[in-house]
file target-v8.cif (mmCIF, C-alpha atoms; chains and numbers go by the auth columns)
data_target
loop_
_atom_site.group_PDB
_atom_site.id
_atom_site.type_symbol
_atom_site.label_atom_id
_atom_site.label_comp_id
_atom_site.label_asym_id
_atom_site.label_seq_id
_atom_site.Cartn_x
_atom_site.Cartn_y
_atom_site.Cartn_z
_atom_site.B_iso_or_equiv
_atom_site.auth_seq_id
_atom_site.auth_asym_id
ATOM 1 C CA MET A 1 18.941 -33.621 39.127 0.00 1 A
ATOM 2 C CA LEU A 2 17.523 -32.087 35.975 0.00 2 A
ATOM 3 C CA ALA A 3 19.125 -31.591 32.572 0.00 3 A
ATOM 4 C CA LEU A 4 18.191 -28.544 30.481 0.00 4 A
ATOM 5 C CA GLY A 5 18.589 -28.016 26.762 0.00 5 A
ATOM 6 C CA SER A 6 17.511 -25.427 24.201 0.00 6 A
ATOM 7 C CA ASN A 7 18.203 -24.912 20.501 0.00 7 A
ATOM 8 C CA LEU A 8 15.385 -22.605 19.367 0.00 8 A
ATOM 9 C CA GLY A 9 14.928 -18.909 19.996 0.00 9 A
ATOM 10 C CA ASP A 10 16.991 -17.195 22.672 0.00 10 A
ATOM 11 C CA ARG A 11 18.589 -20.363 24.014 0.00 11 A
ATOM 12 C CA LEU A 12 20.326 -18.722 26.956 0.00 12 A
ATOM 13 C CA ALA A 13 17.195 -16.835 28.041 0.00 13 A
ATOM 14 C CA GLN A 14 15.187 -20.094 27.903 0.00 14 A
ATOM 15 C CA LEU A 15 17.693 -21.845 30.184 0.00 15 A
ATOM 16 C CA ARG A 16 17.836 -18.898 32.584 0.00 16 A
ATOM 17 C CA ALA A 17 14.050 -18.760 32.854 0.00 17 A
ATOM 18 C CA ALA A 18 13.846 -22.513 33.480 0.00 18 A
ATOM 19 C CA THR A 19 16.505 -22.272 36.186 0.00 19 A
ATOM 20 C CA ARG A 20 14.404 -19.665 38.013 0.00 20 A
ATOM 21 C CA LEU A 21 11.127 -21.576 37.562 0.00 21 A
ATOM 22 C CA LEU A 22 12.618 -24.854 38.800 0.00 22 A
ATOM 23 C CA GLY A 23 14.014 -23.385 42.029 0.00 23 A
ATOM 24 C CA SER A 24 17.554 -24.514 41.305 0.00 24 A
ATOM 25 C CA VAL A 25 19.931 -24.786 44.253 0.00 25 A
ATOM 26 C CA ALA A 26 23.029 -25.330 42.097 0.00 26 A
ATOM 27 C CA VAL A 27 23.623 -24.745 38.393 0.00 27 A
ATOM 28 C CA SER A 28 26.339 -26.054 36.097 0.00 28 A
ATOM 29 C CA PRO A 29 28.207 -23.980 33.563 0.00 29 A
ATOM 30 C CA VAL A 30 26.511 -23.687 30.158 0.00 30 A
ATOM 31 C CA TYR A 31 27.722 -25.934 27.332 0.00 31 A
ATOM 32 C CA GLU A 32 27.107 -25.780 23.601 0.00 32 A
ATOM 33 C CA THR A 33 26.654 -29.182 22.002 0.00 33 A
ATOM 34 C CA ALA A 34 25.823 -30.747 18.677 0.00 34 A
ATOM 35 C CA PRO A 35 22.381 -32.391 18.537 0.00 35 A
ATOM 36 C CA VAL A 36 22.233 -36.137 19.194 0.00 36 A
ATOM 37 C CA GLY A 37 19.796 -38.066 17.012 0.00 37 A
ATOM 38 C CA GLY A 38 16.756 -36.614 15.338 0.00 38 A
ATOM 39 C CA PRO A 39 16.575 -34.390 12.277 0.00 39 A
ATOM 40 C CA ASP A 40 19.185 -31.863 11.154 0.00 40 A
ATOM 41 C CA GLN A 41 19.017 -28.942 13.609 0.00 41 A
ATOM 42 C CA ASP A 42 21.010 -26.188 15.302 0.00 42 A
ATOM 43 C CA ASP A 43 23.349 -26.749 18.243 0.00 43 A
ATOM 44 C CA TYR A 44 21.993 -26.836 21.780 0.00 44 A
ATOM 45 C CA LEU A 45 22.859 -24.985 24.915 0.00 45 A
ATOM 46 C CA ASN A 46 22.848 -27.452 27.811 0.00 46 A
ATOM 47 C CA ALA A 47 23.159 -27.233 31.573 0.00 47 A
ATOM 48 C CA VAL A 48 22.364 -29.298 34.640 0.00 48 A
ATOM 49 C CA VAL A 49 20.543 -28.037 37.714 0.00 49 A
ATOM 50 C CA LEU A 50 20.269 -29.482 41.172 0.00 50 A
ATOM 51 C CA VAL A 51 16.863 -28.889 42.718 0.00 51 A
ATOM 52 C CA PRO A 52 15.419 -29.610 46.159 0.00 52 A
ATOM 53 C CA ALA A 53 14.536 -33.263 46.732 0.00 53 A
ATOM 54 C CA ALA A 54 11.026 -34.122 45.582 0.00 54 A
ATOM 55 C CA PRO A 55 9.095 -37.141 44.332 0.00 55 A
ATOM 56 C CA PRO A 56 9.854 -37.930 40.659 0.00 56 A
ATOM 57 C CA ARG A 57 6.299 -37.134 39.532 0.00 57 A
ATOM 58 C CA ASP A 58 6.561 -33.682 41.155 0.00 58 A
ATOM 59 C CA LEU A 59 9.866 -33.085 39.362 0.00 59 A
ATOM 60 C CA LEU A 60 8.335 -34.206 36.082 0.00 60 A
ATOM 61 C CA ALA A 61 5.389 -31.846 36.595 0.00 61 A
ATOM 62 C CA ALA A 62 7.795 -28.963 37.280 0.00 62 A
ATOM 63 C CA ALA A 63 9.819 -29.877 34.180 0.00 63 A
ATOM 64 C CA ARG A 64 6.716 -29.897 31.970 0.00 64 A
ATOM 65 C CA SER A 65 5.549 -26.614 33.464 0.00 65 A
ATOM 66 C CA ALA A 66 8.890 -24.973 32.600 0.00 66 A
ATOM 67 C CA GLU A 67 8.663 -26.384 29.056 0.00 67 A
ATOM 68 C CA ARG A 68 5.130 -24.988 28.662 0.00 68 A
ATOM 69 C CA ALA A 69 6.330 -21.576 29.866 0.00 69 A
ATOM 70 C CA ALA A 70 8.929 -21.707 27.072 0.00 70 A
ATOM 71 C CA HIS A 71 6.197 -22.624 24.548 0.00 71 A
ATOM 72 C CA ARG A 72 7.708 -26.026 23.841 0.00 72 A
ATOM 73 C CA ALA A 73 6.011 -27.850 20.968 0.00 73 A
ATOM 74 C CA ARG A 74 6.322 -31.641 20.874 0.00 74 A
ATOM 75 C CA THR A 75 6.053 -32.259 17.143 0.00 75 A
ATOM 76 C CA VAL A 76 9.161 -34.237 16.109 0.00 76 A
ATOM 77 C CA ARG A 77 10.866 -36.826 18.327 0.00 77 A
ATOM 78 C CA TRP A 78 14.337 -35.506 19.228 0.00 78 A
ATOM 79 C CA GLY A 79 13.600 -32.445 17.102 0.00 79 A
ATOM 80 C CA PRO A 80 14.455 -28.810 17.796 0.00 80 A
ATOM 81 C CA ARG A 81 12.936 -27.280 20.910 0.00 81 A
ATOM 82 C CA THR A 82 12.755 -24.064 22.852 0.00 82 A
ATOM 83 C CA LEU A 83 13.308 -25.990 26.074 0.00 83 A
ATOM 84 C CA ASP A 84 13.806 -29.593 27.070 0.00 84 A
ATOM 85 C CA VAL A 85 13.902 -30.517 30.753 0.00 85 A
ATOM 86 C CA ASP A 86 14.695 -34.116 31.669 0.00 86 A
ATOM 87 C CA VAL A 87 14.562 -35.649 35.124 0.00 87 A
ATOM 88 C CA ILE A 88 17.867 -37.517 35.253 0.00 88 A
ATOM 89 C CA ALA A 89 18.167 -38.766 38.818 0.00 89 A
ATOM 90 C CA CYS A 90 16.543 -38.480 42.237 0.00 90 A
ATOM 91 C CA GLY A 91 19.322 -39.413 44.637 0.00 91 A
ATOM 92 C CA ASP A 92 19.680 -43.199 44.802 0.00 92 A
ATOM 93 C CA LEU A 93 16.118 -43.870 43.661 0.00 93 A
ATOM 94 C CA VAL A 94 15.547 -46.429 40.915 0.00 94 A
ATOM 95 C CA SER A 95 12.058 -46.585 39.413 0.00 95 A
ATOM 96 C CA ASP A 96 10.598 -48.393 36.420 0.00 96 A
ATOM 97 C CA ASP A 97 7.423 -46.295 36.419 0.00 97 A
ATOM 98 C CA PRO A 98 6.608 -46.089 32.678 0.00 98 A
ATOM 99 C CA ASP A 99 5.705 -42.385 33.022 0.00 99 A
ATOM 100 C CA ILE A 100 9.112 -41.455 34.479 0.00 100 A
ATOM 101 C CA LEU A 101 12.008 -43.882 34.486 0.00 101 A
ATOM 102 C CA ILE A 102 14.585 -43.070 37.172 0.00 102 A
ATOM 103 C CA PRO A 103 17.422 -42.769 36.484 0.00 103 A
ATOM 104 C CA HIS A 104 16.954 -41.495 32.938 0.00 104 A
ATOM 105 C CA PRO A 105 17.608 -44.536 30.717 0.00 105 A
ATOM 106 C CA ARG A 106 20.118 -42.801 28.396 0.00 106 A
ATOM 107 C CA ALA A 107 21.809 -40.360 30.799 0.00 107 A
ATOM 108 C CA HIS A 108 24.944 -42.495 31.097 0.00 108 A
ATOM 109 C CA LEU A 109 25.419 -42.274 27.312 0.00 109 A
ATOM 110 C CA ARG A 110 25.025 -38.500 27.017 0.00 110 A
ATOM 111 C CA ALA A 111 28.107 -36.341 27.360 0.00 111 A
ATOM 112 C CA PHE A 112 25.862 -33.248 27.248 0.00 112 A
ATOM 113 C CA VAL A 113 24.329 -34.452 30.536 0.00 113 A
ATOM 114 C CA CYS A 114 27.308 -36.029 32.284 0.00 114 A
ATOM 115 C CA VAL A 115 29.901 -33.283 31.646 0.00 115 A
ATOM 116 C CA PRO A 116 27.861 -30.435 33.185 0.00 116 A
ATOM 117 C CA TRP A 117 26.660 -32.754 35.961 0.00 117 A
ATOM 118 C CA LEU A 118 30.261 -33.486 36.913 0.00 118 A
ATOM 119 C CA ASP A 119 30.910 -29.723 37.061 0.00 119 A
ATOM 120 C CA VAL A 120 28.059 -29.044 39.456 0.00 120 A
ATOM 121 C CA ASP A 121 28.493 -32.221 41.565 0.00 121 A
ATOM 122 C CA PRO A 122 31.975 -33.813 41.353 0.00 122 A
ATOM 123 C CA ASP A 123 30.900 -36.660 43.666 0.00 123 A
ATOM 124 C CA ALA A 124 27.743 -37.542 41.720 0.00 124 A
ATOM 125 C CA ALA A 125 26.808 -41.113 40.902 0.00 125 A
ATOM 126 C CA LEU A 126 24.136 -42.386 38.539 0.00 126 A
ATOM 127 C CA PRO A 127 22.305 -45.341 40.100 0.00 127 A
ATOM 128 C CA GLY A 128 23.105 -48.541 38.225 0.00 128 A
ATOM 129 C CA HIS A 129 25.918 -46.911 36.236 0.00 129 A
ATOM 130 C CA GLY A 130 28.464 -45.632 38.754 0.00 130 A
ATOM 131 C CA ARG A 131 30.272 -42.385 39.352 0.00 131 A
ATOM 132 C CA VAL A 132 29.614 -39.619 36.838 0.00 132 A
ATOM 133 C CA GLU A 133 33.357 -38.925 36.744 0.00 133 A
ATOM 134 C CA GLU A 134 33.913 -42.448 35.361 0.00 134 A
ATOM 135 C CA LEU A 135 31.044 -42.091 32.901 0.00 135 A
ATOM 136 C CA VAL A 136 32.564 -38.875 31.525 0.00 136 A
ATOM 137 C CA ALA A 137 35.959 -40.563 31.151 0.00 137 A
ATOM 138 C CA ALA A 138 34.337 -43.243 28.964 0.00 138 A
ATOM 139 C CA LEU A 139 32.348 -40.825 26.748 0.00 139 A
ATOM 140 C CA ASP A 140 33.344 -38.888 23.636 0.00 140 A
ATOM 141 C CA THR A 141 33.211 -35.333 24.965 0.00 141 A
ATOM 142 C CA SER A 142 34.689 -33.653 21.883 0.00 142 A
ATOM 143 C CA GLY A 143 31.336 -32.091 20.914 0.00 143 A
ATOM 144 C CA VAL A 144 30.705 -30.607 24.370 0.00 144 A
ATOM 145 C CA ARG A 145 32.063 -27.054 24.476 0.00 145 A
ATOM 146 C CA ARG A 146 31.932 -24.959 27.648 0.00 146 A
ATOM 147 C CA THR A 147 30.678 -21.421 27.022 0.00 147 A
ATOM 148 C CA PRO A 148 31.513 -18.235 28.937 0.00 148 A
ATOM 149 C CA TRP A 149 27.824 -17.722 29.799 0.00 149 A
ATOM 150 C CA SER A 150 26.205 -18.161 33.168 0.00 150 A
ATOM 151 C CA LEU A 151 22.614 -18.979 34.001 0.00 151 A
ATOM 152 C CA SER A 152 22.645 -16.683 36.991 0.00 152 A
ATOM 153 C CA GLY A 153 22.750 -13.537 34.844 0.00 153 A
#

call {"tool": "encode", "arguments": {"input": "target-v8.cif", "output": "structure tokens"}}
result
Amino acid sequence: MLALGSNLGDRLAQLRAATRLLGSVAVSPVYETAPVGGPDQDDYLNAVVLVPAAPPRDLLAAARSAERAAHRARTVRWGPRTLDVDVIACGDLVSDDPDILIPHPRAHLRAFVCVPWLDVDPDAALPGHGRVEELVAALDTSGVRRTPWSLSG
């Protein structure tokens, strides 16, 4: 499962392009969210996509390729970006590979990941943290606003 975010340029177009490049099999609704951490910046559009099963390093390579296609610049940690693609989970896999930790170490704390994930997969569970439905119930979701936009358009 991959999480997408964009807060620079045509945010919706960036997410739509990434969805096509990543070969998504299921896509959540689009949410608008306030930035978490980092410098002062514009709100994000966020979504979650389910992609065909693949090794984590292959998913990471696909994520970085989509970011490059969106001309992502990595200049400021947690700063604004045209596209951010995070590998969140790979089924039940748990990995402490320093290049790609699985599951994502902060996913369970991020409403902008868990809320759209619950929409696209109501039975989802995050290894080591439990059902996504329970994670959402424990999070402050007040800054996560569902939009009328679709990534299929």

call {"tool": "resolve_selection", "arguments": {"input": "target-v8.cif", "expression": "the PyMOL selection byres ((chain A and resi 83-96) around 9)", "output": "number ranges by chain"}}
result
A: 1-8, 11, 14-15, 18, 53-56, 59-60, 63-64, 66-68, 70-72, 80-82, 97-107, 113, 125-128

call {"tool": "closest_residue", "arguments": {"input": "target-v8.cif", "among": "A:Leu151, A:Leu22, A:Leu135, A:Val120", "to": "Asp58 of chain A", "atoms": "all atoms listed in the file"}}
result
A:Leu22

call {"tool": "resolve_selection", "arguments": {"input": "target-v8.cif", "expression": "the PyMOL selection byres ((chain A and resi 27) around 6)", "output": "VMD selection string"}}
result
chain A and resid 26 28 49

call {"tool": "write_last_selection", "arguments": {"input": "target-v8.cif", "atoms": "C-alpha atoms", "output": "compact mmCIF listing (two decimals), in the coordinates of the input"}}
result
# COMPACT_ATOMS: atom_id res chain seq x y z
CA ALA A 26 23.03 -25.33 42.10
CA SER A 28 26.34 -26.05 36.10
CA VAL A 49 20.54 -28.04 37.71

call {"tool": "residues_around", "arguments": {"input": "target-v8.cif", "residues": "Tyr31 of chain A", "least_positions_apart": "5", "cutoff": "6 Å", "atoms": "only C-alpha atoms", "output": "number ranges by chain"}}
result
A: 45-46, 145-147

call {"tool": "atom_distance", "arguments": {"input": "target-v8.cif", "atom1": "atom CA of Glu134 of chain A", "atom2": "atom CA of Trp149 of chain A"}}
result
26.1 Å

call {"tool": "closest_residue", "arguments": {"input": "target-v8.cif", "among": "A:Ala124, A:Asp40, A:Ala34, A:Arg77", "to": "Thr141 of chain A", "atoms": "all atoms listed in the file"}}
result
A:Ala34

call {"tool": "atom_distance", "arguments": {"input": "target-v8.cif", "atom1": "atom CA of Val144 of chain A", "atom2": "atom CA of Ala111 of chain A"}}
result
7.0 Å

call {"tool": "atom_distance", "arguments": {"input": "target-v8.cif", "atom1": "atom CA of Ala17 of chain A", "atom2": "atom CA of Pro116 of chain A"}}
result
18.1 Å

call {"tool": "closest_residue", "arguments": {"input": "target-v8.cif", "among": "A:Ser150, A:Val76, A:Phe112, A:Glu32", "to": "Ala13 of chain A", "atoms": "only C-alpha atoms"}}
result
A:Ser150

call {"tool": "residues_around", "arguments": {"input": "target-v8.cif", "residues": "Ala138 of chain A", "least_positions_apart": "2", "cutoff": "12 Å", "atoms": "only C-alpha atoms", "output": "ChimeraX atom specification"}}
result
/A:108-111,114-115,129-136,140-142
